>>> print(open('final_37.cif').read())   # mmCIF, N, CA and C atoms and all ligand atoms
data_data
loop_
_atom_site.label_atom_id
_atom_site.label_comp_id
_atom_site.auth_asym_id
_atom_site.auth_seq_id
_atom_site.Cartn_x
_atom_site.Cartn_y
_atom_site.Cartn_z
N MET A 1 109.25 137.37 213.13
CA MET A 1 108.88 136.19 213.91
C MET A 1 107.45 135.78 213.59
N ALA A 2 107.25 134.47 213.49
CA ALA A 2 105.90 133.97 213.15
C ALA A 2 104.93 134.24 214.29
N PRO A 3 103.67 134.56 213.95
CA PRO A 3 102.69 134.77 215.03
C PRO A 3 102.47 133.49 215.82
N LEU A 4 102.13 133.67 217.07
CA LEU A 4 101.81 132.52 217.92
C LEU A 4 100.35 132.18 217.71
N VAL A 5 100.09 130.99 217.24
CA VAL A 5 98.70 130.61 216.96
C VAL A 5 98.10 129.99 218.21
N TRP A 6 96.96 130.56 218.64
CA TRP A 6 96.30 130.04 219.83
C TRP A 6 95.74 128.66 219.54
N SER A 7 95.92 127.75 220.46
CA SER A 7 95.34 126.41 220.26
C SER A 7 94.83 125.88 221.59
N ALA A 8 94.00 124.84 221.48
CA ALA A 8 93.41 124.25 222.69
C ALA A 8 94.51 123.74 223.63
N ALA A 9 95.67 123.41 223.07
CA ALA A 9 96.77 122.90 223.90
C ALA A 9 97.23 123.94 224.92
N LEU A 10 96.96 125.22 224.64
CA LEU A 10 97.38 126.29 225.56
C LEU A 10 96.33 126.56 226.64
N GLU A 11 95.17 125.93 226.49
CA GLU A 11 94.10 126.19 227.47
C GLU A 11 94.36 125.41 228.76
N ILE A 12 93.98 126.04 229.88
CA ILE A 12 94.19 125.37 231.16
C ILE A 12 92.86 124.91 231.77
N GLY A 13 91.75 125.18 231.06
CA GLY A 13 90.46 124.68 231.52
C GLY A 13 89.72 125.60 232.46
N HIS A 14 90.15 126.87 232.51
CA HIS A 14 89.41 127.87 233.29
C HIS A 14 89.05 128.99 232.31
N THR A 15 87.75 129.09 231.99
CA THR A 15 87.32 129.94 230.87
C THR A 15 87.83 131.38 230.98
N GLU A 16 87.68 131.98 232.15
CA GLU A 16 88.07 133.39 232.33
C GLU A 16 89.57 133.57 232.06
N ILE A 17 90.37 132.69 232.63
CA ILE A 17 91.83 132.80 232.45
C ILE A 17 92.20 132.49 231.00
N ASP A 18 91.60 131.46 230.44
CA ASP A 18 91.91 131.11 229.04
C ASP A 18 91.56 132.25 228.09
N ASN A 19 90.42 132.90 228.34
CA ASN A 19 90.03 134.03 227.48
C ASN A 19 91.04 135.16 227.57
N ASP A 20 91.52 135.43 228.78
CA ASP A 20 92.55 136.47 228.95
C ASP A 20 93.82 136.10 228.18
N HIS A 21 94.25 134.85 228.35
CA HIS A 21 95.48 134.42 227.67
C HIS A 21 95.34 134.53 226.15
N ARG A 22 94.16 134.14 225.65
CA ARG A 22 93.95 134.20 224.19
C ARG A 22 94.01 135.65 223.72
N ALA A 23 93.41 136.56 224.51
CA ALA A 23 93.43 137.98 224.14
C ALA A 23 94.87 138.52 224.20
N MET A 24 95.64 138.06 225.19
CA MET A 24 97.03 138.52 225.29
C MET A 24 97.85 138.06 224.09
N VAL A 25 97.66 136.80 223.69
CA VAL A 25 98.39 136.28 222.52
C VAL A 25 98.01 137.09 221.28
N GLY A 26 96.72 137.41 221.13
CA GLY A 26 96.28 138.21 219.99
C GLY A 26 96.96 139.57 219.97
N LEU A 27 97.02 140.22 221.14
CA LEU A 27 97.66 141.53 221.23
C LEU A 27 99.17 141.43 220.96
N LEU A 28 99.79 140.38 221.49
CA LEU A 28 101.23 140.21 221.28
C LEU A 28 101.55 140.02 219.80
N ASN A 29 100.70 139.27 219.09
CA ASN A 29 100.91 139.09 217.64
C ASN A 29 100.76 140.42 216.91
N ARG A 30 99.74 141.19 217.31
CA ARG A 30 99.53 142.50 216.66
C ARG A 30 100.68 143.45 216.96
N LEU A 31 101.18 143.38 218.21
CA LEU A 31 102.31 144.24 218.60
C LEU A 31 103.55 143.90 217.78
N GLN A 32 103.80 142.61 217.65
CA GLN A 32 104.96 142.17 216.89
C GLN A 32 104.87 142.63 215.44
N GLU A 33 103.66 142.48 214.90
CA GLU A 33 103.43 142.84 213.50
C GLU A 33 103.58 144.36 213.29
N ALA A 34 103.04 145.15 214.23
CA ALA A 34 103.15 146.61 214.13
C ALA A 34 104.61 147.05 214.23
N SER A 35 105.34 146.41 215.14
CA SER A 35 106.75 146.75 215.32
C SER A 35 107.55 146.40 214.07
N GLU A 36 107.26 145.25 213.49
CA GLU A 36 108.02 144.80 212.31
C GLU A 36 107.76 145.67 211.09
N ARG A 37 106.56 146.33 211.03
CA ARG A 37 106.36 147.25 209.90
C ARG A 37 106.64 148.69 210.33
N SER A 38 107.36 148.84 211.48
CA SER A 38 107.80 150.15 211.98
C SER A 38 106.67 151.15 212.14
N ASP A 39 105.50 150.67 212.54
CA ASP A 39 104.36 151.55 212.78
C ASP A 39 104.41 151.99 214.25
N ARG A 40 105.06 153.14 214.49
CA ARG A 40 105.30 153.59 215.86
C ARG A 40 104.02 153.86 216.63
N LEU A 41 103.06 154.46 215.94
CA LEU A 41 101.80 154.82 216.61
C LEU A 41 101.06 153.58 217.08
N ALA A 42 100.93 152.61 216.16
CA ALA A 42 100.24 151.36 216.52
C ALA A 42 101.02 150.62 217.59
N THR A 43 102.34 150.63 217.49
CA THR A 43 103.18 149.94 218.48
C THR A 43 102.93 150.52 219.87
N GLN A 44 102.95 151.85 219.98
CA GLN A 44 102.72 152.50 221.28
C GLN A 44 101.33 152.16 221.82
N ALA A 45 100.32 152.25 220.95
CA ALA A 45 98.95 151.99 221.38
C ALA A 45 98.80 150.55 221.85
N LEU A 46 99.44 149.62 221.14
CA LEU A 46 99.33 148.21 221.50
C LEU A 46 100.07 147.91 222.80
N LEU A 47 101.19 148.60 223.03
CA LEU A 47 101.91 148.42 224.30
C LEU A 47 101.04 148.86 225.47
N VAL A 48 100.34 149.98 225.29
CA VAL A 48 99.46 150.49 226.35
C VAL A 48 98.32 149.50 226.60
N GLU A 49 97.73 149.01 225.49
CA GLU A 49 96.62 148.07 225.60
C GLU A 49 97.08 146.77 226.28
N LEU A 50 98.26 146.32 225.91
CA LEU A 50 98.79 145.08 226.48
C LEU A 50 99.07 145.23 227.97
N GLU A 51 99.60 146.38 228.35
CA GLU A 51 99.90 146.61 229.77
C GLU A 51 98.61 146.57 230.58
N SER A 52 97.58 147.25 230.07
CA SER A 52 96.33 147.32 230.79
C SER A 52 95.68 145.93 230.89
N LEU A 53 95.68 145.18 229.80
CA LEU A 53 95.09 143.84 229.83
C LEU A 53 95.86 142.92 230.78
N THR A 54 97.18 143.01 230.72
CA THR A 54 98.01 142.14 231.57
C THR A 54 97.79 142.47 233.04
N ARG A 55 97.72 143.76 233.35
CA ARG A 55 97.47 144.19 234.73
C ARG A 55 96.12 143.66 235.22
N ASP A 56 95.10 143.82 234.41
CA ASP A 56 93.76 143.33 234.78
C ASP A 56 93.76 141.81 234.93
N HIS A 57 94.44 141.16 234.00
CA HIS A 57 94.49 139.69 234.02
C HIS A 57 95.19 139.18 235.28
N PHE A 58 96.34 139.77 235.61
CA PHE A 58 97.05 139.34 236.81
C PHE A 58 96.18 139.60 238.05
N ALA A 59 95.49 140.73 238.07
CA ALA A 59 94.62 141.05 239.22
C ALA A 59 93.50 140.00 239.33
N ARG A 60 92.96 139.57 238.18
CA ARG A 60 91.91 138.55 238.21
C ARG A 60 92.45 137.23 238.77
N GLU A 61 93.61 136.84 238.29
CA GLU A 61 94.21 135.60 238.79
C GLU A 61 94.50 135.71 240.29
N GLU A 62 95.01 136.86 240.69
CA GLU A 62 95.39 137.02 242.10
C GLU A 62 94.16 137.03 243.01
N GLN A 63 93.04 137.56 242.49
CA GLN A 63 91.80 137.52 243.27
C GLN A 63 91.31 136.07 243.41
N LEU A 64 91.42 135.30 242.31
CA LEU A 64 91.02 133.88 242.37
C LEU A 64 91.87 133.15 243.41
N MET A 65 93.17 133.48 243.46
CA MET A 65 94.06 132.83 244.43
C MET A 65 93.61 133.16 245.85
N LEU A 66 93.24 134.42 246.07
CA LEU A 66 92.75 134.84 247.39
C LEU A 66 91.48 134.07 247.75
N ASP A 67 90.58 133.97 246.77
CA ASP A 67 89.28 133.31 246.99
C ASP A 67 89.45 131.88 247.51
N ILE A 68 90.48 131.20 247.01
CA ILE A 68 90.62 129.78 247.39
C ILE A 68 91.76 129.58 248.39
N HIS A 69 92.29 130.68 248.92
CA HIS A 69 93.42 130.59 249.88
C HIS A 69 94.53 129.73 249.29
N TYR A 70 94.90 130.08 248.07
CA TYR A 70 95.86 129.28 247.29
C TYR A 70 97.22 129.24 247.97
N GLU A 71 97.73 128.03 248.14
CA GLU A 71 98.98 127.89 248.92
C GLU A 71 100.22 128.44 248.20
N PHE A 72 100.19 128.48 246.86
CA PHE A 72 101.37 128.97 246.12
C PHE A 72 101.18 130.40 245.62
N SER A 73 100.27 131.11 246.27
CA SER A 73 99.93 132.46 245.84
C SER A 73 101.14 133.42 245.80
N ALA A 74 101.94 133.41 246.85
CA ALA A 74 103.07 134.35 246.93
C ALA A 74 104.06 134.11 245.79
N ARG A 75 104.36 132.84 245.55
CA ARG A 75 105.32 132.51 244.49
C ARG A 75 104.77 132.90 243.11
N HIS A 76 103.48 132.64 242.93
CA HIS A 76 102.84 132.95 241.64
C HIS A 76 102.82 134.46 241.40
N GLN A 77 102.45 135.21 242.46
CA GLN A 77 102.41 136.68 242.31
C GLN A 77 103.79 137.24 242.02
N LYS A 78 104.80 136.62 242.61
CA LYS A 78 106.18 137.07 242.38
C LYS A 78 106.53 136.96 240.90
N GLU A 79 106.06 135.90 240.25
CA GLU A 79 106.32 135.75 238.81
C GLU A 79 105.66 136.89 238.02
N HIS A 80 104.45 137.29 238.43
CA HIS A 80 103.77 138.41 237.77
C HIS A 80 104.57 139.70 237.93
N VAL A 81 105.01 139.95 239.18
CA VAL A 81 105.78 141.17 239.46
C VAL A 81 107.08 141.17 238.65
N HIS A 82 107.70 140.01 238.59
CA HIS A 82 108.97 139.89 237.88
C HIS A 82 108.80 140.20 236.39
N LEU A 83 107.69 139.74 235.81
CA LEU A 83 107.45 140.03 234.38
C LEU A 83 107.36 141.54 234.17
N PHE A 84 106.59 142.22 235.04
CA PHE A 84 106.44 143.67 234.88
C PHE A 84 107.80 144.38 235.03
N ASP A 85 108.60 143.94 236.01
CA ASP A 85 109.93 144.55 236.21
C ASP A 85 110.78 144.36 234.95
N GLU A 86 110.77 143.15 234.42
CA GLU A 86 111.59 142.83 233.26
C GLU A 86 111.13 143.62 232.02
N VAL A 87 109.81 143.68 231.83
CA VAL A 87 109.30 144.37 230.65
C VAL A 87 109.55 145.88 230.77
N ARG A 88 109.41 146.41 231.99
CA ARG A 88 109.69 147.83 232.20
C ARG A 88 111.14 148.15 231.79
N ALA A 89 112.06 147.28 232.19
CA ALA A 89 113.47 147.48 231.84
C ALA A 89 113.66 147.39 230.33
N GLN A 90 112.96 146.45 229.71
CA GLN A 90 113.11 146.29 228.25
C GLN A 90 112.50 147.48 227.50
N ILE A 91 111.43 148.06 228.06
CA ILE A 91 110.82 149.22 227.39
C ILE A 91 111.77 150.42 227.46
N GLU A 92 112.50 150.53 228.57
CA GLU A 92 113.53 151.58 228.65
C GLU A 92 114.57 151.37 227.56
N GLU A 93 114.96 150.12 227.37
CA GLU A 93 115.94 149.80 226.32
C GLU A 93 115.35 150.07 224.93
N MET A 94 114.06 149.83 224.79
CA MET A 94 113.40 150.13 223.51
C MET A 94 113.45 151.64 223.24
N ASN A 95 113.19 152.43 224.30
CA ASN A 95 113.21 153.88 224.12
C ASN A 95 114.61 154.40 223.79
N GLU A 96 115.62 153.61 224.17
CA GLU A 96 117.01 153.98 223.84
C GLU A 96 117.44 153.37 222.51
N GLY A 97 116.52 152.66 221.87
CA GLY A 97 116.82 152.08 220.55
C GLY A 97 117.64 150.80 220.61
N ILE A 98 117.71 150.17 221.80
CA ILE A 98 118.52 148.96 221.95
C ILE A 98 117.75 147.72 221.53
N VAL A 99 116.49 147.65 221.92
CA VAL A 99 115.67 146.50 221.51
C VAL A 99 114.39 147.00 220.82
N SER A 100 113.79 146.12 220.02
CA SER A 100 112.55 146.49 219.33
C SER A 100 111.35 146.01 220.14
N ALA A 101 110.20 146.59 219.87
CA ALA A 101 108.97 146.12 220.51
C ALA A 101 108.68 144.69 220.09
N ALA A 102 109.08 144.32 218.88
CA ALA A 102 108.87 142.94 218.41
C ALA A 102 109.65 141.97 219.30
N ALA A 103 110.86 142.37 219.67
CA ALA A 103 111.68 141.51 220.54
C ALA A 103 111.03 141.40 221.92
N ILE A 104 110.48 142.50 222.40
CA ILE A 104 109.80 142.47 223.71
C ILE A 104 108.58 141.55 223.63
N ALA A 105 107.83 141.67 222.54
CA ALA A 105 106.65 140.81 222.37
C ALA A 105 107.08 139.34 222.34
N GLY A 106 108.19 139.06 221.69
CA GLY A 106 108.71 137.69 221.63
C GLY A 106 109.07 137.19 223.03
N PHE A 107 109.71 138.07 223.80
CA PHE A 107 110.06 137.71 225.18
C PHE A 107 108.80 137.40 226.00
N ILE A 108 107.79 138.28 225.88
CA ILE A 108 106.56 138.08 226.67
C ILE A 108 105.86 136.78 226.24
N LYS A 109 105.87 136.49 224.94
CA LYS A 109 105.25 135.24 224.48
C LYS A 109 105.93 134.04 225.12
N ARG A 110 107.26 134.04 225.14
CA ARG A 110 107.98 132.90 225.73
C ARG A 110 107.67 132.82 227.22
N TRP A 111 107.65 133.99 227.88
CA TRP A 111 107.33 134.01 229.32
C TRP A 111 105.92 133.46 229.53
N LEU A 112 104.98 133.91 228.72
CA LEU A 112 103.58 133.53 228.89
C LEU A 112 103.39 132.01 228.73
N ILE A 113 104.00 131.46 227.68
CA ILE A 113 103.85 130.02 227.45
C ILE A 113 104.41 129.24 228.63
N ASP A 114 105.58 129.64 229.09
CA ASP A 114 106.21 128.96 230.21
C ASP A 114 105.36 129.09 231.48
N HIS A 115 104.87 130.30 231.73
CA HIS A 115 104.07 130.58 232.93
C HIS A 115 102.74 129.82 232.88
N VAL A 116 102.12 129.81 231.71
CA VAL A 116 100.83 129.11 231.55
C VAL A 116 101.02 127.61 231.78
N GLU A 117 102.09 127.07 231.19
CA GLU A 117 102.32 125.63 231.28
C GLU A 117 102.67 125.17 232.70
N THR A 118 103.17 126.06 233.51
CA THR A 118 103.59 125.65 234.86
C THR A 118 102.64 126.26 235.91
N SER A 119 102.85 127.52 236.22
CA SER A 119 102.13 128.15 237.34
C SER A 119 100.63 128.25 237.12
N ASP A 120 100.21 128.65 235.91
CA ASP A 120 98.77 128.82 235.68
C ASP A 120 98.05 127.47 235.65
N ARG A 121 98.72 126.46 235.10
CA ARG A 121 98.12 125.13 235.05
C ARG A 121 97.96 124.58 236.48
N GLN A 122 98.94 124.86 237.30
CA GLN A 122 98.88 124.43 238.70
C GLN A 122 97.72 125.14 239.42
N LEU A 123 97.57 126.43 239.12
CA LEU A 123 96.47 127.21 239.70
C LEU A 123 95.13 126.66 239.23
N ALA A 124 95.03 126.33 237.94
CA ALA A 124 93.77 125.81 237.39
C ALA A 124 93.38 124.51 238.07
N THR A 125 94.36 123.67 238.37
CA THR A 125 94.08 122.41 239.07
C THR A 125 93.52 122.71 240.46
N ALA A 126 94.13 123.68 241.15
CA ALA A 126 93.65 124.05 242.49
C ALA A 126 92.25 124.65 242.42
N LEU A 127 91.97 125.45 241.38
CA LEU A 127 90.64 126.05 241.23
C LEU A 127 89.59 124.97 240.96
N ALA A 128 89.95 124.00 240.15
CA ALA A 128 89.01 122.91 239.84
C ALA A 128 88.74 122.10 241.11
N ARG A 129 89.79 121.86 241.89
CA ARG A 129 89.63 121.10 243.14
C ARG A 129 88.71 121.87 244.09
N TRP A 130 88.92 123.18 244.14
CA TRP A 130 88.11 124.05 245.02
C TRP A 130 86.63 124.02 244.59
N ARG A 131 86.43 124.07 243.26
CA ARG A 131 85.05 124.08 242.76
C ARG A 131 84.32 122.79 243.13
N SER A 132 85.05 121.66 243.10
CA SER A 132 84.39 120.39 243.40
C SER A 132 84.28 120.15 244.90
N ASN A 133 85.11 120.87 245.68
CA ASN A 133 85.08 120.63 247.13
C ASN A 133 85.50 121.88 247.90
N PRO A 134 84.66 122.96 247.87
CA PRO A 134 85.05 124.19 248.56
C PRO A 134 85.09 123.98 250.07
N LEU A 135 86.05 124.62 250.72
CA LEU A 135 86.16 124.47 252.18
C LEU A 135 85.07 125.26 252.89
FE FE B 201 99.59 133.74 236.30
#
>>> encode(input="final_37.cif", output="structure tokens")
Amino acid sequence: MAPLVWSAALEIGHTEIDNDHRAMVGLLNRLQEASERSDRLATQALLVELESLTRDHFAREEQLMLDIHYEFSARHQKEHVHLFDEVRAQIEEMNEGIVSAAAIAGFIKRWLIDHVETSDRQLATALARWRSNPL
């Protein structure tokens, strides 16, 4: 699968969140590439790194939601939890040899693009509104 090239079109206008997303895309590309060349050690290390970054990133977003009393916080957090549940299940399948890490990376990329374009963009709008007019 071709690497996902980061572009300004994927930015939502919040530097901290955009930086996290860019780092996640970079890791996902590296994970896909390691999996495709059957480098088990690199694949495992990248999965660990990706999990830690994603966890930190979701925590950062969720803290921002708390800061602004974001009205769609529960729904947004549910999407984060759902991704972890889904990826956990896929990693079990990977350990059973059913799916590859490259396929998991592809799934996360599709999830990320969809999530960024909808929920994160909506959050960025609320954050910008808050910055210009905090309660
Ligand atoms: Fe999010």
>>> residues_near_ligand(input="final_37.cif", ligand="ligand FE 201 (chain B)", cutoff="7 Å", atoms="all atoms listed in the file", output="short mmCIF file (atom, residue, chain, number, x, y, z; two decimals) with N, CA and C atoms, in the frame of the given file")
data_model
loop_
_atom_site.label_atom_id
_atom_site.label_comp_id
_atom_site.auth_asym_id
_atom_site.auth_seq_id
_atom_site.Cartn_x
_atom_site.Cartn_y
_atom_site.Cartn_z
N PHE A 58 96.34 139.77 235.61
CA PHE A 58 97.05 139.34 236.81
C PHE A 58 96.18 139.60 238.05
N GLU A 61 93.61 136.84 238.29
CA GLU A 61 94.21 135.60 238.79
C GLU A 61 94.50 135.71 240.29
N HIS A 76 103.48 132.64 242.93
CA HIS A 76 102.84 132.95 241.64
C HIS A 76 102.82 134.46 241.40
N GLN A 77 102.45 135.21 242.46
CA GLN A 77 102.41 136.68 242.31
C GLN A 77 103.79 137.24 242.02
N HIS A 80 104.45 137.29 238.43
CA HIS A 80 103.77 138.41 237.77
C HIS A 80 104.57 139.70 237.93
N HIS A 115 104.87 130.30 231.73
CA HIS A 115 104.07 130.58 232.93
C HIS A 115 102.74 129.82 232.88
N VAL A 116 102.12 129.81 231.71
CA VAL A 116 100.83 129.11 231.55
C VAL A 116 101.02 127.61 231.78
N SER A 119 102.85 127.52 236.22
CA SER A 119 102.13 128.15 237.34
C SER A 119 100.63 128.25 237.12
N ASP A 120 100.21 128.65 235.91
CA ASP A 120 98.77 128.82 235.68
C ASP A 120 98.05 127.47 235.65
#
>>> residues_around(input="final_37.cif", residues="segment 42-44 of chain A", least_positions_apart="6", cutoff="6.5 Å", atoms="all atoms listed in the file", output="list in words")
Leu31, Ala34 and Ser35 of chain A
>>> atom_distance(input="final_37.cif", atom1="atom CA of Arg75 of chain A", atom2="atom N of Phe107 of chain A")
21.9 Å
>>> residues_around(input="final_37.cif", residues="segment 6-14 of chain A", least_positions_apart="2", cutoff="8 Å", atoms="only C-alpha atoms", output="JSON, numbers by chain")
{"A": [4, 16, 17, 18, 22, 25, 113, 116, 117, 120, 121, 124]}
>>> residues_near_point(input="final_37.cif", point="(105.5, 141.5, 216.0)", cutoff="8 Å", atoms="all atoms listed in the file", output="list in words")
Met1, Ala2, Pro3, Leu28, Asn29, Arg30, Leu31, Gln32, Glu33, Ala34, Ser35, Glu36, Arg37, Ala101, Ala102, Ala103, Ala105 and Gly106 of chain A
>>> atom_distance(input="final_37.cif", atom1="atom CA of Arg88 of chain A", atom2="atom CA of Ile108 of chain A")
11.6 Å
>>> axis_aligned_box(input="final_37.cif", around="segment 18-24 of chain A", padding_each_side="5 Å", output="JSON")
{"center_x": 93.9, "center_y": 134.8, "center_z": 227.1, "size_x": 17.8, "size_y": 17.4, "size_z": 16.7}
>>> select_by_dssp(input="final_37.cif", residues="chain A", states="alpha helix (DSSP H)", output="VMD selection string")
chain A and resid 15 to 36 40 to 67 73 to 95 101 to 115 121 to 132
>>> atom_distance(input="final_37.cif", atom1="atom C of Ala45 of chain A", atom2="atom N of Lys109 of chain A")
16.0 Å
>>> closest_residue(input="final_37.cif", among="A:Ile91, A:Arg55, A:Arg129, A:Trp111", to="Glu79 of chain A", atoms="only C-alpha atoms")
A:Trp111
